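Participant: This is my_file.tsv, which holds TSV, N, CA and C atoms and all ligand atoms:
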chain	number	residue	atom	x	y	z
J	17	MET	N	102.78	-175.77	101.31
J	17	MET	CA	101.47	-175.13	101.50
J	17	MET	C	100.67	-175.85	102.59
J	18	ILE	N	99.91	-175.09	103.33
J	18	ILE	CA	99.05	-175.66	104.35
J	18	ILE	C	97.65	-175.78	103.75
J	19	HIS	N	97.08	-176.97	103.86
J	19	HIS	CA	95.74	-177.15	103.33
J	19	HIS	C	94.71	-177.08	104.44
J	20	HIS	N	93.66	-176.37	104.17
J	20	HIS	CA	92.61	-176.24	105.16
J	20	HIS	C	91.26	-176.27	104.44
J	21	THR	N	90.31	-176.91	105.07
J	21	THR	CA	88.98	-176.98	104.48
J	21	THR	C	88.06	-176.06	105.25
J	22	CYS	N	87.35	-175.20	104.55
J	22	CYS	CA	86.44	-174.25	105.18
J	22	CYS	C	85.35	-175.00	105.94
J	23	PHE	N	85.14	-174.58	107.20
J	23	PHE	CA	84.16	-175.28	108.03
J	23	PHE	C	82.74	-175.01	107.54
J	24	LYS	N	82.59	-173.92	106.81
J	24	LYS	CA	81.24	-173.51	106.43
J	24	LYS	C	80.82	-174.07	105.07
J	25	CYS	N	81.68	-173.84	104.06
J	25	CYS	CA	81.26	-174.24	102.71
J	25	CYS	C	82.04	-175.46	102.21
J	26	GLY	N	83.04	-175.89	102.97
J	26	GLY	CA	83.76	-177.09	102.60
J	26	GLY	C	84.79	-176.90	101.51
J	27	ARG	N	85.01	-175.65	101.11
J	27	ARG	CA	86.00	-175.42	100.07
J	27	ARG	C	87.42	-175.57	100.64
J	28	ARG	N	88.27	-176.18	99.85
J	28	ARG	CA	89.65	-176.34	100.29
J	28	ARG	C	90.43	-175.10	99.95
J	29	MET	N	91.25	-174.65	100.88
J	29	MET	CA	92.08	-173.50	100.58
J	29	MET	C	93.53	-173.81	100.91
J	30	GLU	N	94.41	-173.07	100.29
J	30	GLU	CA	95.82	-173.24	100.54
J	30	GLU	C	96.34	-172.02	101.27
J	31	LEU	N	97.06	-172.26	102.35
J	31	LEU	CA	97.64	-171.16	103.10
J	31	LEU	C	99.15	-171.21	102.94
J	32	ASP	N	99.72	-170.09	102.63
J	32	ASP	CA	101.16	-170.00	102.49
J	32	ASP	C	101.78	-169.86	103.88
J	33	PRO	N	102.61	-170.83	104.28
J	33	PRO	CA	103.16	-170.75	105.65
J	33	PRO	C	103.98	-169.49	105.90
J	34	ILE	N	104.54	-168.91	104.84
J	34	ILE	CA	105.31	-167.67	105.02
J	34	ILE	C	104.36	-166.53	105.38
J	35	ILE	N	103.26	-166.44	104.63
J	35	ILE	CA	102.27	-165.39	104.90
J	35	ILE	C	101.67	-165.57	106.29
J	36	VAL	N	101.32	-166.82	106.60
J	36	VAL	CA	100.72	-167.11	107.91
J	36	VAL	C	101.70	-166.71	109.01
J	37	GLY	N	102.94	-167.14	108.87
J	37	GLY	CA	103.96	-166.84	109.88
J	37	GLY	C	104.14	-165.35	110.05
J	38	LEU	N	104.17	-164.63	108.93
J	38	LEU	CA	104.34	-163.18	108.97
J	38	LEU	C	103.18	-162.52	109.70
J	39	GLU	N	101.98	-162.94	109.38
J	39	GLU	CA	100.80	-162.33	110.01
J	39	GLU	C	100.77	-162.64	111.50
J	40	LEU	N	101.12	-163.86	111.85
J	40	LEU	CA	101.12	-164.23	113.27
J	40	LEU	C	102.15	-163.42	114.04
J	41	LYS	N	103.29	-163.16	113.43
J	41	LYS	CA	104.34	-162.40	114.10
J	41	LYS	C	103.92	-160.96	114.33
J	42	GLN	N	103.02	-160.47	113.51
J	42	GLN	CA	102.61	-159.08	113.64
J	42	GLN	C	101.44	-158.89	114.59
J	43	LEU	N	100.89	-159.99	115.07
J	43	LEU	CA	99.80	-159.88	116.03
J	43	LEU	C	100.35	-159.39	117.37
J	44	LYS	N	99.48	-158.73	118.13
J	44	LYS	CA	99.90	-158.24	119.44
J	44	LYS	C	100.07	-159.39	120.42
J	45	VAL	N	99.38	-160.49	120.14
J	45	VAL	CA	99.44	-161.66	121.01
J	45	VAL	C	100.82	-162.31	120.89
J	46	LYS	N	101.39	-162.67	122.02
J	46	LYS	CA	102.73	-163.27	122.00
J	46	LYS	C	102.72	-164.66	121.39
J	47	LYS	N	101.83	-165.51	121.90
J	47	LYS	CA	101.77	-166.88	121.36
J	47	LYS	C	100.36	-167.17	120.89
J	48	PRO	N	100.04	-166.73	119.70
J	48	PRO	CA	98.69	-166.96	119.20
J	48	PRO	C	98.42	-168.46	119.03
J	49	LYS	N	97.21	-168.86	119.39
J	49	LYS	CA	96.86	-170.28	119.25
J	49	LYS	C	96.22	-170.55	117.90
J	50	TYR	N	95.60	-169.51	117.34
J	50	TYR	CA	94.88	-169.69	116.10
J	50	TYR	C	95.28	-168.65	115.07
J	51	TYR	N	95.21	-169.06	113.84
J	51	TYR	CA	95.36	-168.13	112.73
J	51	TYR	C	93.99	-167.99	112.08
J	52	GLN	N	93.59	-166.76	111.83
J	52	GLN	CA	92.28	-166.54	111.23
J	52	GLN	C	92.42	-166.48	109.71
J	53	ALA	N	91.94	-167.51	109.08
J	53	ALA	CA	91.99	-167.58	107.62
J	53	ALA	C	90.61	-167.25	107.06
J	54	HIS	N	90.58	-166.35	106.10
J	54	HIS	CA	89.30	-165.99	105.49
J	54	HIS	C	89.07	-166.87	104.28
J	55	CYS	N	87.96	-167.52	104.24
J	55	CYS	CA	87.64	-168.38	103.12
J	55	CYS	C	87.43	-167.53	101.87
J	56	PRO	N	88.13	-167.86	100.78
J	56	PRO	CA	87.99	-167.06	99.55
J	56	PRO	C	86.60	-167.21	98.92
J	57	ALA	N	85.90	-168.27	99.25
J	57	ALA	CA	84.59	-168.51	98.63
J	57	ALA	C	83.46	-167.84	99.41
J	58	CYS	N	83.36	-168.12	100.71
J	58	CYS	CA	82.22	-167.61	101.46
J	58	CYS	C	82.61	-166.56	102.50
J	59	LYS	N	83.90	-166.24	102.58
J	59	LYS	CA	84.41	-165.19	103.46
J	59	LYS	C	84.28	-165.52	104.95
J	60	ALA	N	83.96	-166.75	105.25
J	60	ALA	CA	83.88	-167.12	106.66
J	60	ALA	C	85.28	-167.10	107.27
J	61	VAL	N	85.36	-166.72	108.53
J	61	VAL	CA	86.65	-166.73	109.21
J	61	VAL	C	86.88	-168.11	109.80
J	62	ASN	N	87.92	-168.74	109.35
J	62	ASN	CA	88.27	-170.07	109.84
J	62	ASN	C	89.41	-169.95	110.84
J	63	LYS	N	89.23	-170.54	111.99
J	63	LYS	CA	90.31	-170.56	112.97
J	63	LYS	C	91.13	-171.81	112.75
J	64	VAL	N	92.37	-171.61	112.32
J	64	VAL	CA	93.25	-172.74	112.09
J	64	VAL	C	94.26	-172.78	113.23
J	65	SER	N	94.40	-173.92	113.87
J	65	SER	CA	95.29	-173.95	115.04
J	65	SER	C	96.74	-173.83	114.59
J	66	VAL	N	97.47	-173.01	115.33
J	66	VAL	CA	98.86	-172.74	114.98
J	66	VAL	C	99.72	-173.99	115.12
J	67	SER	N	99.44	-174.79	116.14
J	67	SER	CA	100.27	-175.98	116.36
J	67	SER	C	100.19	-176.91	115.16
J	68	GLN	N	99.06	-176.90	114.50
J	68	GLN	CA	98.85	-177.74	113.32
J	68	GLN	C	99.74	-177.28	112.15
J	69	MET	N	100.09	-176.00	112.15
J	69	MET	CA	100.87	-175.45	111.04
J	69	MET	C	102.34	-175.24	111.42
J	70	GLN	N	102.67	-175.56	112.68
J	70	GLN	CA	104.00	-175.22	113.18
J	70	GLN	C	105.13	-175.82	112.34
J	71	ASN	N	104.97	-177.08	111.94
J	71	ASN	CA	106.03	-177.73	111.16
J	71	ASN	C	106.26	-177.01	109.84
J	72	ASP	N	105.16	-176.63	109.19
J	72	ASP	CA	105.28	-175.92	107.91
J	72	ASP	C	105.98	-174.58	108.10
J	73	MET	N	105.64	-173.91	109.21
J	73	MET	CA	106.24	-172.60	109.44
J	73	MET	C	107.70	-172.71	109.84
J	74	ASP	N	108.02	-173.77	110.60
J	74	ASP	CA	109.42	-173.99	110.97
J	74	ASP	C	110.28	-174.21	109.73
J	75	ALA	N	109.69	-174.86	108.74
J	75	ALA	CA	110.42	-175.16	107.51
J	75	ALA	C	110.79	-173.89	106.74
J	76	VAL	N	110.02	-172.81	106.94
J	76	VAL	CA	110.28	-171.57	106.20
J	76	VAL	C	110.63	-170.44	107.17
J	77	ARG	N	111.16	-170.82	108.32
J	77	ARG	CA	111.46	-169.83	109.36
J	77	ARG	C	112.31	-168.66	108.83
J	78	GLU	N	113.32	-168.98	108.04
J	78	GLU	CA	114.21	-167.93	107.55
J	78	GLU	C	113.48	-166.95	106.64
J	79	GLU	N	112.61	-167.49	105.79
J	79	GLU	CA	111.83	-166.63	104.89
J	79	GLU	C	110.92	-165.72	105.70
J	80	ILE	N	110.36	-166.28	106.77
J	80	ILE	CA	109.46	-165.47	107.60
J	80	ILE	C	110.26	-164.33	108.26
J	81	GLU	N	111.43	-164.67	108.79
J	81	GLU	CA	112.24	-163.65	109.46
J	81	GLU	C	112.64	-162.54	108.49
J	82	SER	N	113.08	-162.93	107.29
J	82	SER	CA	113.52	-161.90	106.34
J	82	SER	C	112.32	-161.11	105.83
J	83	GLY	N	111.18	-161.79	105.73
J	83	GLY	CA	109.96	-161.08	105.32
J	83	GLY	C	109.56	-160.06	106.35
J	84	LEU	N	109.74	-160.41	107.61
J	84	LEU	CA	109.38	-159.51	108.70
J	84	LEU	C	110.23	-158.24	108.66
J	85	VAL	N	111.51	-158.41	108.34
J	85	VAL	CA	112.40	-157.26	108.22
J	85	VAL	C	111.87	-156.33	107.13
J	86	GLU	N	111.44	-156.91	106.01
J	86	GLU	CA	110.91	-156.11	104.91
J	86	GLU	C	109.65	-155.36	105.33
J	87	VAL	N	108.78	-156.07	106.06
J	87	VAL	CA	107.53	-155.45	106.50
J	87	VAL	C	107.84	-154.27	107.42
J	88	GLN	N	108.78	-154.48	108.32
J	88	GLN	CA	109.12	-153.42	109.27
J	88	GLN	C	109.74	-152.22	108.55
J	89	LYS	N	110.54	-152.50	107.54
J	89	LYS	CA	111.12	-151.42	106.74
J	89	LYS	C	110.02	-150.61	106.07
J	90	ALA	N	109.08	-151.33	105.46
J	90	ALA	CA	107.97	-150.68	104.75
J	90	ALA	C	107.14	-149.84	105.72
J	91	LYS	N	106.92	-150.37	106.93
J	91	LYS	CA	106.14	-149.64	107.92
J	91	LYS	C	106.87	-148.36	108.34
J	92	ALA	N	108.18	-148.47	108.54
J	92	ALA	CA	108.97	-147.31	108.93
J	92	ALA	C	108.91	-146.24	107.85
J	93	LYS	N	108.95	-146.69	106.61
J	93	LYS	CA	108.87	-145.75	105.48
J	93	LYS	C	107.54	-145.02	105.49
J	94	MET	N	106.46	-145.81	105.72
J	94	MET	CA	105.13	-145.21	105.73
J	94	MET	C	105.00	-144.18	106.84
J	95	LYS	N	105.56	-144.51	107.99
J	95	LYS	CA	105.52	-143.58	109.13
J	95	LYS	C	106.24	-142.29	108.77
J	96	ALA	N	107.41	-142.44	108.17
J	96	ALA	CA	108.21	-141.28	107.79
J	96	ALA	C	107.45	-140.43	106.79
J	97	ALA	N	106.79	-141.09	105.85
J	97	ALA	CA	106.05	-140.35	104.83
J	97	ALA	C	104.88	-139.60	105.46
J	98	LYS	N	104.24	-140.21	106.45
J	98	LYS	CA	103.12	-139.56	107.13
J	98	LYS	C	103.61	-138.31	107.87
J	99	LYS	N	104.75	-138.42	108.51
J	99	LYS	CA	105.30	-137.29	109.26
J	99	LYS	C	105.57	-136.12	108.32
J	100	LYS	N	106.10	-136.46	107.16
J	100	LYS	CA	106.42	-135.41	106.17
J	100	LYS	C	105.16	-134.69	105.73
J	101	ALA	N	104.08	-135.46	105.58
J	101	ALA	CA	102.85	-134.89	105.04
J	101	ALA	C	102.21	-133.90	106.01
J	102	LYS	N	102.52	-134.04	107.29
J	102	LYS	CA	101.87	-133.17	108.29
J	102	LYS	C	102.35	-131.73	108.28
J	201	ZN	ZN	83.90	-171.09	102.90
Can you present the structure in this file as structure tokens?
Facilitator:
Amino acid sequence: MIHHTCFKCGRRMELDPIIVGLELKQLKVKKPKYYQAHCPACKAVNKVSVSQMQNDMDAVREEIESGLVEVQKAKAKMKAAKKKAK
């Protein structure tokens, strides 16, 4: 888990490197520098630097890749369902 402290309210939050990696991969940006984490307490957007989390994400690289395949499958399904509805 990646630990981050909210800059606004000081609450500590845990970020799942798999979730973070998945979200970063889905961004339009090729090499995002920051991950935007929403504080569960005050909803402030915290910019967490990607380089700071890189080791954690490298450790779960395979999970991120397989998760991405699942996300893409789900998206394709949704697209297909939308087409049918039209
Ligand atoms: Zn906060």
Participant: Between J:Lys41, J:His20, J:Lys47, J:Lys59, which residue has the minimum interatomic distance to ligand ZN 201 (chain J), considering only N, CA and C atoms and all ligand atoms?
Facilitator: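 When distances to ligand ZN 201 (chain J) are compared using only N, CA and C atoms and all ligand atoms, the smallest one comes from J:Lys59.
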Participant: Between atom C of Cys25 of chain J and atom N of Tyr51 of chain J, what distance in Å does the model show, to one decimal?
Facilitator: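 Pair atom C of Cys25 of chain J / atom N of Tyr51 of chain J returns 18.7 Å.
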Participant: Pick the closest to ligand ZN 201 (chain J) from J:Pro56, J:Gly83, J:Pro48, J:Pro33: which is it, counting all atoms listed in the file?
Facilitator: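 Closest residue, counting all atoms listed in the file: J:Pro56.
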Participant: How would you write, as a compact mmCIF listing (two decimals) with N, CA and C atoms, keeping the file's coordinate frame, the set of residues no farther than 7 Å from ligand ZN 201 (chain J) when counting only N, CA and C atoms and all ligand atoms?
Facilitator:
# COMPACT_ATOMS: atom_id res chain seq x y z
N THR J 21 90.31 -176.91 105.07
CA THR J 21 88.98 -176.98 104.48
C THR J 21 88.06 -176.06 105.25
N CYS J 22 87.35 -175.20 104.55
CA CYS J 22 86.44 -174.25 105.18
C CYS J 22 85.35 -175.00 105.94
N PHE J 23 85.14 -174.58 107.20
CA PHE J 23 84.16 -175.28 108.03
C PHE J 23 82.74 -175.01 107.54
N LYS J 24 82.59 -173.92 106.81
CA LYS J 24 81.24 -173.51 106.43
C LYS J 24 80.82 -174.07 105.07
N CYS J 25 81.68 -173.84 104.06
CA CYS J 25 81.26 -174.24 102.71
C CYS J 25 82.04 -175.46 102.21
N GLY J 26 83.04 -175.89 102.97
CA GLY J 26 83.76 -177.09 102.60
C GLY J 26 84.79 -176.90 101.51
N ARG J 27 85.01 -175.65 101.11
CA ARG J 27 86.00 -175.42 100.07
C ARG J 27 87.42 -175.57 100.64
N HIS J 54 90.58 -166.35 106.10
CA HIS J 54 89.30 -165.99 105.49
C HIS J 54 89.07 -166.87 104.28
N CYS J 55 87.96 -167.52 104.24
CA CYS J 55 87.64 -168.38 103.12
C CYS J 55 87.43 -167.53 101.87
N PRO J 56 88.13 -167.86 100.78
CA PRO J 56 87.99 -167.06 99.55
C PRO J 56 86.60 -167.21 98.92
N ALA J 57 85.90 -168.27 99.25
CA ALA J 57 84.59 -168.51 98.63
C ALA J 57 83.46 -167.84 99.41
N CYS J 58 83.36 -168.12 100.71
CA CYS J 58 82.22 -167.61 101.46
C CYS J 58 82.61 -166.56 102.50
N LYS J 59 83.90 -166.24 102.58
CA LYS J 59 84.41 -165.19 103.46
C LYS J 59 84.28 -165.52 104.95
N ALA J 60 83.96 -166.75 105.25
CA ALA J 60 83.88 -167.12 106.66
C ALA J 60 85.28 -167.10 107.27
Participant: Could you go through chain J and tell me which residues DSSP, when run on the backbone, assigns to alpha helix (DSSP H), listing them as a PyMOL selection string?
Facilitator: chain J and resi 33-42+66-75+77-101
Participant: Write a file of the selected residues as a compact mmCIF listing (two decimals), in the frame of the given file, keeping N, CA and C atoms.
Facilitator:
# COMPACT_ATOMS: atom_id res chain seq x y z
N PRO J 33 102.61 -170.83 104.28
CA PRO J 33 103.16 -170.75 105.65
C PRO J 33 103.98 -169.49 105.90
N ILE J 34 104.54 -168.91 104.84
CA ILE J 34 105.31 -167.67 105.02
C ILE J 34 104.36 -166.53 105.38
N ILE J 35 103.26 -166.44 104.63
CA ILE J 35 102.27 -165.39 104.90
C ILE J 35 101.67 -165.57 106.29
N VAL J 36 101.32 -166.82 106.60
CA VAL J 36 100.72 -167.11 107.91
C VAL J 36 101.70 -166.71 109.01
N GLY J 37 102.94 -167.14 108.87
CA GLY J 37 103.96 -166.84 109.88
C GLY J 37 104.14 -165.35 110.05
N LEU J 38 104.17 -164.63 108.93
CA LEU J 38 104.34 -163.18 108.97
C LEU J 38 103.18 -162.52 109.70
N GLU J 39 101.98 -162.94 109.38
CA GLU J 39 100.80 -162.33 110.01
C GLU J 39 100.77 -162.64 111.50
N LEU J 40 101.12 -163.86 111.85
CA LEU J 40 101.12 -164.23 113.27
C LEU J 40 102.15 -163.42 114.04
N LYS J 41 103.29 -163.16 113.43
CA LYS J 41 104.34 -162.40 114.10
C LYS J 41 103.92 -160.96 114.33
N GLN J 42 103.02 -160.47 113.51
CA GLN J 42 102.61 -159.08 113.64
C GLN J 42 101.44 -158.89 114.59
N VAL J 66 97.47 -173.01 115.33
CA VAL J 66 98.86 -172.74 114.98
C VAL J 66 99.72 -173.99 115.12
N SER J 67 99.44 -174.79 116.14
CA SER J 67 100.27 -175.98 116.36
C SER J 67 100.19 -176.91 115.16
N GLN J 68 99.06 -176.90 114.50
CA GLN J 68 98.85 -177.74 113.32
C GLN J 68 99.74 -177.28 112.15
N MET J 69 100.09 -176.00 112.15
CA MET J 69 100.87 -175.45 111.04
C MET J 69 102.34 -175.24 111.42
N GLN J 70 102.67 -175.56 112.68
CA GLN J 70 104.00 -175.22 113.18
C GLN J 70 105.13 -175.82 112.34
N ASN J 71 104.97 -177.08 111.94
CA ASN J 71 106.03 -177.73 111.16
C ASN J 71 106.26 -177.01 109.84
N ASP J 72 105.16 -176.63 109.19
CA ASP J 72 105.28 -175.92 107.91
C ASP J 72 105.98 -174.58 108.10
N MET J 73 105.64 -173.91 109.21
CA MET J 73 106.24 -172.60 109.44
C MET J 73 107.70 -172.71 109.84
N ASP J 74 108.02 -173.77 110.60
CA ASP J 74 109.42 -173.99 110.97
C ASP J 74 110.28 -174.21 109.73
N ALA J 75 109.69 -174.86 108.74
CA ALA J 75 110.42 -175.16 107.51
C ALA J 75 110.79 -173.89 106.74
N ARG J 77 111.16 -170.82 108.32
CA ARG J 77 111.46 -169.83 109.36
C ARG J 77 112.31 -168.66 108.83
N GLU J 78 113.32 -168.98 108.04
CA GLU J 78 114.21 -167.93 107.55
C GLU J 78 113.48 -166.95 106.64
N GLU J 79 112.61 -167.49 105.79
CA GLU J 79 111.83 -166.63 104.89
C GLU J 79 110.92 -165.72 105.70
N ILE J 80 110.36 -166.28 106.77
CA ILE J 80 109.46 -165.47 107.60
C ILE J 80 110.26 -164.33 108.26
N GLU J 81 111.43 -164.67 108.79
CA GLU J 81 112.24 -163.65 109.46
C GLU J 81 112.64 -162.54 108.49
N SER J 82 113.08 -162.93 107.29
CA SER J 82 113.52 -161.90 106.34
C SER J 82 112.32 -161.11 105.83
N GLY J 83 111.18 -161.79 105.73
CA GLY J 83 109.96 -161.08 105.32
C GLY J 83 109.56 -160.06 106.35
N LEU J 84 109.74 -160.41 107.61
CA LEU J 84 109.38 -159.51 108.70
C LEU J 84 110.23 -158.24 108.66
N VAL J 85 111.51 -158.41 108.34
CA VAL J 85 112.40 -157.26 108.22
C VAL J 85 111.87 -156.33 107.13
N GLU J 86 111.44 -156.91 106.01
CA GLU J 86 110.91 -156.11 104.91
C GLU J 86 109.65 -155.36 105.33
N VAL J 87 108.78 -156.07 106.06
CA VAL J 87 107.53 -155.45 106.50
C VAL J 87 107.84 -154.27 107.42
N GLN J 88 108.78 -154.48 108.32
CA GLN J 88 109.12 -153.42 109.27
C GLN J 88 109.74 -152.22 108.55
N LYS J 89 110.54 -152.50 107.54
CA LYS J 89 111.12 -151.42 106.74
C LYS J 89 110.02 -150.61 106.07
N ALA J 90 109.08 -151.33 105.46
CA ALA J 90 107.97 -150.68 104.75
C ALA J 90 107.14 -149.84 105.72
N LYS J 91 106.92 -150.37 106.93
CA LYS J 91 106.14 -149.64 107.92
C LYS J 91 106.87 -148.36 108.34
N ALA J 92 108.18 -148.47 108.54
CA ALA J 92 108.97 -147.31 108.93
C ALA J 92 108.91 -146.24 107.85
N LYS J 93 108.95 -146.69 106.61
CA LYS J 93 108.87 -145.75 105.48
C LYS J 93 107.54 -145.02 105.49
N MET J 94 106.46 -145.81 105.72
CA MET J 94 105.13 -145.21 105.73
C MET J 94 105.00 -144.18 106.84
N LYS J 95 105.56 -144.51 107.99
CA LYS J 95 105.52 -143.58 109.13
C LYS J 95 106.24 -142.29 108.77
N ALA J 96 107.41 -142.44 108.17
CA ALA J 96 108.21 -141.28 107.79
C ALA J 96 107.45 -140.43 106.79
N ALA J 97 106.79 -141.09 105.85
CA ALA J 97 106.05 -140.35 104.83
C ALA J 97 104.88 -139.60 105.46
N LYS J 98 104.24 -140.21 106.45
CA LYS J 98 103.12 -139.56 107.13
C LYS J 98 103.61 -138.31 107.87
N LYS J 99 104.75 -138.42 108.51
CA LYS J 99 105.30 -137.29 109.26
C LYS J 99 105.57 -136.12 108.32
N LYS J 100 106.10 -136.46 107.16
CA LYS J 100 106.42 -135.41 106.17
C LYS J 100 105.16 -134.69 105.73
N ALA J 101 104.08 -135.46 105.58
CA ALA J 101 102.85 -134.89 105.04
C ALA J 101 102.21 -133.90 106.01
Participant: Fewer than 4 positions away in the same chain doesn't count, so skip those; otherwise give me all residues within 5 Å of segment 62-70 of chain J, counting only N, CA and C atoms, as number ranges by chain.
Facilitator: J: 49-54, 74
Participant: At what distance in Å, to one decimal, does atom CA of Leu38 of chain J lie from atom CA of Asp72 of chain J?
Facilitator: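 Distance reported for this atom pair: 12.8 Å.
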Participant: Mind pulling up the distance from atom C of Met17 of chain J to atom CA of Glu30 of chain J?
Facilitator: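 It comes out at 5.9 Å.
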